[in-house]
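A.B. asks: Got a structure for you, written out below as structure tokens; questions coming shortly.
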Amino acid sequence: MSSRKHPSLSSVPPTPGKDGYQGYTFKDKDTHVASVVKPHFKYGLYLFFFLTIWFLLLFFWFPSTKPAVSPPIIQNSNSYVQNPTAEKVQVKLEEKVQVKPAEKAQVKPVEKAKVKPVEKAKVKPAQKAQVKPVEKAQVKPAEKASVLVYVYELPPKFNIGLLKECRRLNVYTDMCPHVANSGLGQPILEMGSSWFATHQFIAEMIFHARMENHPCRTRDPEKADLFYVPFYGGLYASSKFRESNLAARDALAVELVEYIHRQRWWRRNHGADHFLALGRTAWDFMRTDGGTDFGANRLLNLPPVKNMSVLTVERHPWEGSNQYGIPYPSYFHPSTSDEILTWQNRMRLQRRLHLFSFIGAPRTGVEKAAIRDEIIKQCAESTRCHLLKCGSGASQCHEPTQVLNVMTQSEFCLQAPGDSFTRRSTFDSVLAGCIPVFVSPHTAYSQYSWFLPADHTTYSVFIGDENPSIEAELLKIPNDQIQKMRNRVINLIPNLTYIHPNSSDFSFTDAVDVALGKLSDYVKSKLRGHGVTVH
């Protein structure tokens with residue numbers, strides 16, 4: 001062996017050059033390093049590199065067999081809820097749940113394969129909020145196949161032609177903002193795309209818009225079960241309240257009846273299968289000779305109309321045998337079933353800070369004034385009541401967000417009669433998940449039998465007008481009964497709502513669907529009773 005010593009690494013300074021070193025090549029460097037590193041150290045390095053590569057392969061190449069866990073759906077910032085379609089629901093209320101109208105959170109149903117039942121949640125009694133899966137009856141295919149409706153193409157002067165003079169459609173207010181968007185009114189942007197400042201007396205326009213795009217509509221009158229006459233009678237009536245010439249006040253209504261009476265399809269059953277939908281109370285169309293004149297016309301007292309069916313937001317309790325109550329429109333006009341489910345679940349989670357509330361103004365007239373004054377007095381004196389007192393002109397009572405904020409924070413909402421027996425507030429109350437409290441049976445029970453349960457104790461409280469202590473009466477109701485009543489109220493929301501006219505989601509039944517189904521059953525039964533063959 002050569003006795004020449006290996007130069008040390010420091011003896012050849014690694015001055016950088018073209019190939020990284022100066023004075024020798026990479027081959028010289030390999031030889032140099034190999035001469036320094038001992039064989040057993042070299043084999044150790046090989047083993048280290050091999051084991052490292054093998055470990056990385058095991059760690060990254062082979063997938064984990066641990067089952068994935070479906071994440072929960074977050075209903076809102078204050079609640080934790082598993083998918084509402086699951087058999088059981090877990091709720092965790094960490095702080096007070098408030099409805100913020102500006103939020104647009106939506107809950108989309110997840111695939112069943114990803115939903116696993118969870119253990120039943122324990123809700124503290126003080127929280128009162130209880131979430132239950134939405135009943136199957138709430139979102140179901142609408143019963144639209146059982147009825148076909150023909151919509152008359154009336155001359156424009158009977159409906160859309162009236163809108164050209166929208167500023168004159170009501171002697172008390174400018175209706176132009178309210179007839180926008182097919183009667184939905186102005187959008188409430190801070191509450192979301194499904195919320196509108198809808199006027200309480202505009203149902204006839206919304207009904208017409210829904211029928212234009214309704215799956216029950218047929219353009220073949222030969223196949224029709226029902227014939228809809230889209231007359232904007234309420235808007236016309238309110239434009240003539242101060243007309244002293246009675247013939248002029250009745251003129252358009254009389255023209256309408258004469259026009260329909262000439263139609264071929266009227267003669268088939270003498271109008272028994274025809275119907276109107278009116279956005280004002282029946283009292284505005286039932287003027288009689290010698291009776292009190294408060295601005296009404298006599299549309300509903302015309303003989304041909306008495307053979308038709310009339311859908312109206314308030315029927316005459318004693319003389320309205322052909323009249324059927326339909327809901328006042330509220331502010332919520334969803335386009336999808338998901339939007340309804342989301343809102344219903346938010347109302348189930350909503351914390352109720354007040355035992356009861358009242359939104360309204362004093363009234364004139366001996367009986368109305370006495371009832372209203374007593375309710376306002378009791379609410380103002382109670383620490384458990386939220387009073388939103390209304391007045392003339394600009395008022396918080398005309399602000400949808402203010403109205404809903406009061407109602408969504410209340411266990412019970414008082415519904416005293418207004419200018420007539422009924423109130424739009426009743427339907428705002430249901431929308432807010434607030435249990436209505438009635439003092440007259442004609443505010444709801446005798447009006448909306450197609451829409452409300454026959455047993456009114458399941459969704460409302462009746463205290464009459466004997467002036468009892470409202471607070472004392474409501475405190476007698478056990479918490480578990482309150483929860484059942486509220487759940488029933490919330491389940492009523494879809495059937496009392498007018499969905500957006502442009503909606504193509506027909507998976508649930510709204511107010512128009514309910515009315516058509518019930519009216520069809522009634523008309524078919526009536527015609528069979530007269531020996532008429534029906535479809």
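In the structure tokens, the first chain shown is A, the next is B, and so on; residue numbers restart at 1 for each chain, and ligands run from 1 in the order shown.
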Write out as an MDAnalysis selection string the residues lying within 12 Å of segment 253-256 of chain A, counting only C-alpha atoms and excluding same-chain residues fewer than 5 positions away.
C.D. replies: chainID A and resid 152 154:159 229:237 240 246:248 261:263 276 285:286 296:305
A.B. asks: Using only C-alpha atoms, which protein or nucleic acid residues come within 10 Å of segment 455-461 of chain A? Drop anything in the same chain fewer than 2 positions from it, and give the result as a ChimeraX atom specification.
C.D. replies: /A:412-414,430,434-439,441,444-445,452-453,463-464,473-474,477,481-482,484-492
A.B. asks: Atom CA of Phe196 of chain A and atom CA of Ser507 of chain A, how far apart in Å?
C.D. replies: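 Going from atom CA of Ser507 of chain A over to atom CA of Phe196 of chain A covers 22.2 Å.
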A.B. asks: If we count only C-alpha atoms, what is near His199 of chain A at a cut-off of 9 Å, once residues fewer than 6 positions away on the same chain are taken out, given as an NGL selection string?
C.D. replies: :A and (175 or 178-179 or 183-185 or 329-331)
A.B. asks: When you count only C-alpha atoms, which of these residues is closest to Tyr324 of chain A: A:Ser382, A:Gln415, A:Thr288, A:Ser446?
C.D. replies: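 Going through A:Ser382, A:Gln415, A:Thr288, A:Ser446 one by one, the smallest distance to Tyr324 of chain A is for A:Ser446.
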A.B. asks: Please identify the helix (DSSP H, G or I) residues within segment 298-417 of chain A (assignment by DSSP from backbone atoms) and present them as a PyMOL selection string.
C.D. replies: chain A and resi 299-301+303-306+337-349+366-381+396-398+400-408
A.B. asks: If you count only C-alpha atoms, which residues fall within 6 Å of segment 333-347 of chain A, apart from same-chain ones fewer than 2 positions away, as a list in words?
C.D. replies: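 Here the qualifying residues turn out to be Gln106, Val107, Ser194, Leu349, Gln350, Gly433, Tyr498, Ile499, His500, Ser503 and Asp505 of chain A.
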A.B. asks: Store the residues of this selection in a file with all heavy atoms, as a PDB file, in the first residue's frame.
C.D. replies:
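Output (result.pdb):
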ATOM      1  N   GLN A 106     -79.416  29.690   5.348  1.00  0.00           N
ATOM      2  CA  GLN A 106     -80.297  28.649   4.856  1.00  0.00           C
ATOM      3  C   GLN A 106     -79.734  27.299   5.246  1.00  0.00           C
ATOM      4  O   GLN A 106     -78.535  27.079   5.251  1.00  0.00           O
ATOM      5  CB  GLN A 106     -80.454  28.717   3.336  1.00  0.00           C
ATOM      6  CG  GLN A 106     -81.174  29.974   2.863  1.00  0.00           C
ATOM      7  CD  GLN A 106     -81.488  29.881   1.398  1.00  0.00           C
ATOM      8  OE1 GLN A 106     -81.253  28.851   0.793  1.00  0.00           O
ATOM      9  NE2 GLN A 106     -82.015  30.943   0.837  1.00  0.00           N
ATOM     10  N   VAL A 107     -80.607  26.390   5.571  1.00  0.00           N
ATOM     11  CA  VAL A 107     -80.203  25.036   5.908  1.00  0.00           C
ATOM     12  C   VAL A 107     -80.593  24.124   4.770  1.00  0.00           C
ATOM     13  O   VAL A 107     -81.766  24.006   4.441  1.00  0.00           O
ATOM     14  CB  VAL A 107     -80.892  24.562   7.204  1.00  0.00           C
ATOM     15  CG1 VAL A 107     -80.488  23.133   7.500  1.00  0.00           C
ATOM     16  CG2 VAL A 107     -80.483  25.464   8.352  1.00  0.00           C
ATOM     17  N   SER A 194     -86.521  37.096   0.349  1.00  0.00           N
ATOM     18  CA  SER A 194     -87.898  36.597   0.407  1.00  0.00           C
ATOM     19  C   SER A 194     -88.823  37.496   1.222  1.00  0.00           C
ATOM     20  O   SER A 194     -89.965  37.115   1.488  1.00  0.00           O
ATOM     21  CB  SER A 194     -87.917  35.178   1.012  1.00  0.00           C
ATOM     22  OG  SER A 194     -87.210  34.283   0.189  1.00  0.00           O
ATOM     23  N   LEU A 349     -86.112  27.775  17.725  1.00  0.00           N
ATOM     24  CA  LEU A 349     -84.961  28.078  18.570  1.00  0.00           C
ATOM     25  C   LEU A 349     -85.068  29.442  19.255  1.00  0.00           C
ATOM     26  O   LEU A 349     -84.314  29.722  20.187  1.00  0.00           O
ATOM     27  CB  LEU A 349     -83.683  28.059  17.723  1.00  0.00           C
ATOM     28  CG  LEU A 349     -83.183  26.706  17.252  1.00  0.00           C
ATOM     29  CD1 LEU A 349     -82.082  26.879  16.221  1.00  0.00           C
ATOM     30  CD2 LEU A 349     -82.689  25.877  18.433  1.00  0.00           C
ATOM     31  N   GLN A 350     -85.974  30.271  18.783  1.00  0.00           N
ATOM     32  CA  GLN A 350     -86.030  31.646  19.252  1.00  0.00           C
ATOM     33  C   GLN A 350     -86.352  31.742  20.738  1.00  0.00           C
ATOM     34  O   GLN A 350     -87.283  31.124  21.236  1.00  0.00           O
ATOM     35  CB  GLN A 350     -87.067  32.424  18.438  1.00  0.00           C
ATOM     36  CG  GLN A 350     -87.315  33.840  18.906  1.00  0.00           C
ATOM     37  CD  GLN A 350     -86.081  34.712  18.762  1.00  0.00           C
ATOM     38  OE1 GLN A 350     -85.196  34.392  17.984  1.00  0.00           O
ATOM     39  NE2 GLN A 350     -86.027  35.790  19.504  1.00  0.00           N
ATOM     40  N   GLY A 433     -94.097  32.636  15.140  1.00  0.00           N
ATOM     41  CA  GLY A 433     -94.129  31.552  16.123  1.00  0.00           C
ATOM     42  C   GLY A 433     -94.710  31.982  17.448  1.00  0.00           C
ATOM     43  O   GLY A 433     -94.442  31.368  18.483  1.00  0.00           O
ATOM     44  N   TYR A 498     -98.107  33.039   1.388  1.00  0.00           N
ATOM     45  CA  TYR A 498     -98.195  33.153  -0.073  1.00  0.00           C
ATOM     46  C   TYR A 498     -96.772  33.118  -0.620  1.00  0.00           C
ATOM     47  O   TYR A 498     -95.997  34.052  -0.398  1.00  0.00           O
ATOM     48  CB  TYR A 498     -98.858  34.476  -0.474  1.00  0.00           C
ATOM     49  CG  TYR A 498    -100.324  34.566  -0.114  1.00  0.00           C
ATOM     50  CD1 TYR A 498    -100.734  35.080   1.115  1.00  0.00           C
ATOM     51  CD2 TYR A 498    -101.313  34.130  -0.999  1.00  0.00           C
ATOM     52  CE1 TYR A 498    -102.076  35.174   1.449  1.00  0.00           C
ATOM     53  CE2 TYR A 498    -102.658  34.211  -0.670  1.00  0.00           C
ATOM     54  CZ  TYR A 498    -103.040  34.729   0.561  1.00  0.00           C
ATOM     55  OH  TYR A 498    -104.374  34.814   0.891  1.00  0.00           O
ATOM     56  N   ILE A 499     -96.423  32.027  -1.297  1.00  0.00           N
ATOM     57  CA  ILE A 499     -95.059  31.925  -1.800  1.00  0.00           C
ATOM     58  C   ILE A 499     -94.867  32.892  -2.963  1.00  0.00           C
ATOM     59  O   ILE A 499     -95.823  33.433  -3.509  1.00  0.00           O
ATOM     60  CB  ILE A 499     -94.709  30.483  -2.228  1.00  0.00           C
ATOM     61  CG1 ILE A 499     -95.510  30.057  -3.458  1.00  0.00           C
ATOM     62  CG2 ILE A 499     -94.913  29.521  -1.093  1.00  0.00           C
ATOM     63  CD1 ILE A 499     -95.059  28.730  -4.038  1.00  0.00           C
ATOM     64  N   HIS A 500     -93.622  33.098  -3.322  1.00  0.00           N
ATOM     65  CA  HIS A 500     -93.311  34.030  -4.413  1.00  0.00           C
ATOM     66  C   HIS A 500     -93.964  33.550  -5.710  1.00  0.00           C
ATOM     67  O   HIS A 500     -93.877  32.366  -6.055  1.00  0.00           O
ATOM     68  CB  HIS A 500     -91.801  34.131  -4.585  1.00  0.00           C
ATOM     69  CG  HIS A 500     -91.360  35.329  -5.367  1.00  0.00           C
ATOM     70  ND1 HIS A 500     -91.569  35.450  -6.726  1.00  0.00           N
ATOM     71  CD2 HIS A 500     -90.741  36.475  -4.989  1.00  0.00           C
ATOM     72  CE1 HIS A 500     -91.092  36.600  -7.148  1.00  0.00           C
ATOM     73  NE2 HIS A 500     -90.590  37.252  -6.106  1.00  0.00           N
ATOM     74  N   SER A 503     -91.977  31.331  -8.038  1.00  0.00           N
ATOM     75  CA  SER A 503     -91.395  30.095  -7.513  1.00  0.00           C
ATOM     76  C   SER A 503     -91.721  28.903  -8.415  1.00  0.00           C
ATOM     77  O   SER A 503     -92.831  28.777  -8.934  1.00  0.00           O
ATOM     78  CB  SER A 503     -91.919  29.818  -6.100  1.00  0.00           C
ATOM     79  OG  SER A 503     -91.497  28.542  -5.655  1.00  0.00           O
ATOM     80  N   ASP A 505     -90.759  25.825  -7.118  1.00  0.00           N
ATOM     81  CA  ASP A 505     -90.690  24.743  -6.139  1.00  0.00           C
ATOM     82  C   ASP A 505     -92.117  24.411  -5.705  1.00  0.00           C
ATOM     83  O   ASP A 505     -92.739  25.156  -4.957  1.00  0.00           O
ATOM     84  CB  ASP A 505     -89.849  25.182  -4.934  1.00  0.00           C
ATOM     85  CG  ASP A 505     -89.646  24.058  -3.922  1.00  0.00           C
ATOM     86  OD1 ASP A 505     -90.326  23.014  -4.049  1.00  0.00           O
ATOM     87  OD2 ASP A 505     -88.816  24.223  -3.010  1.00  0.00           O
TER      88      ASP A 505
END
A.B. asks: For a quick check of understanding, using only C-alpha atoms, which of A:Trp450, A:Phe427, A:Phe49, A:Tyr328 has the smallest distance to Phe201 of chain A?
C.D. replies: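 With only C-alpha atoms as the atom set, the closest residue is A:Tyr328.
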A.B. asks: So the first atom is atom CA of Cys397 of chain A and the second is atom CA of Cys385 of chain A; what is the distance between them in Å, to one decimal place?
C.D. replies: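 Atom CA of Cys385 of chain A lies at a distance of 16.3 Å from atom CA of Cys397 of chain A.
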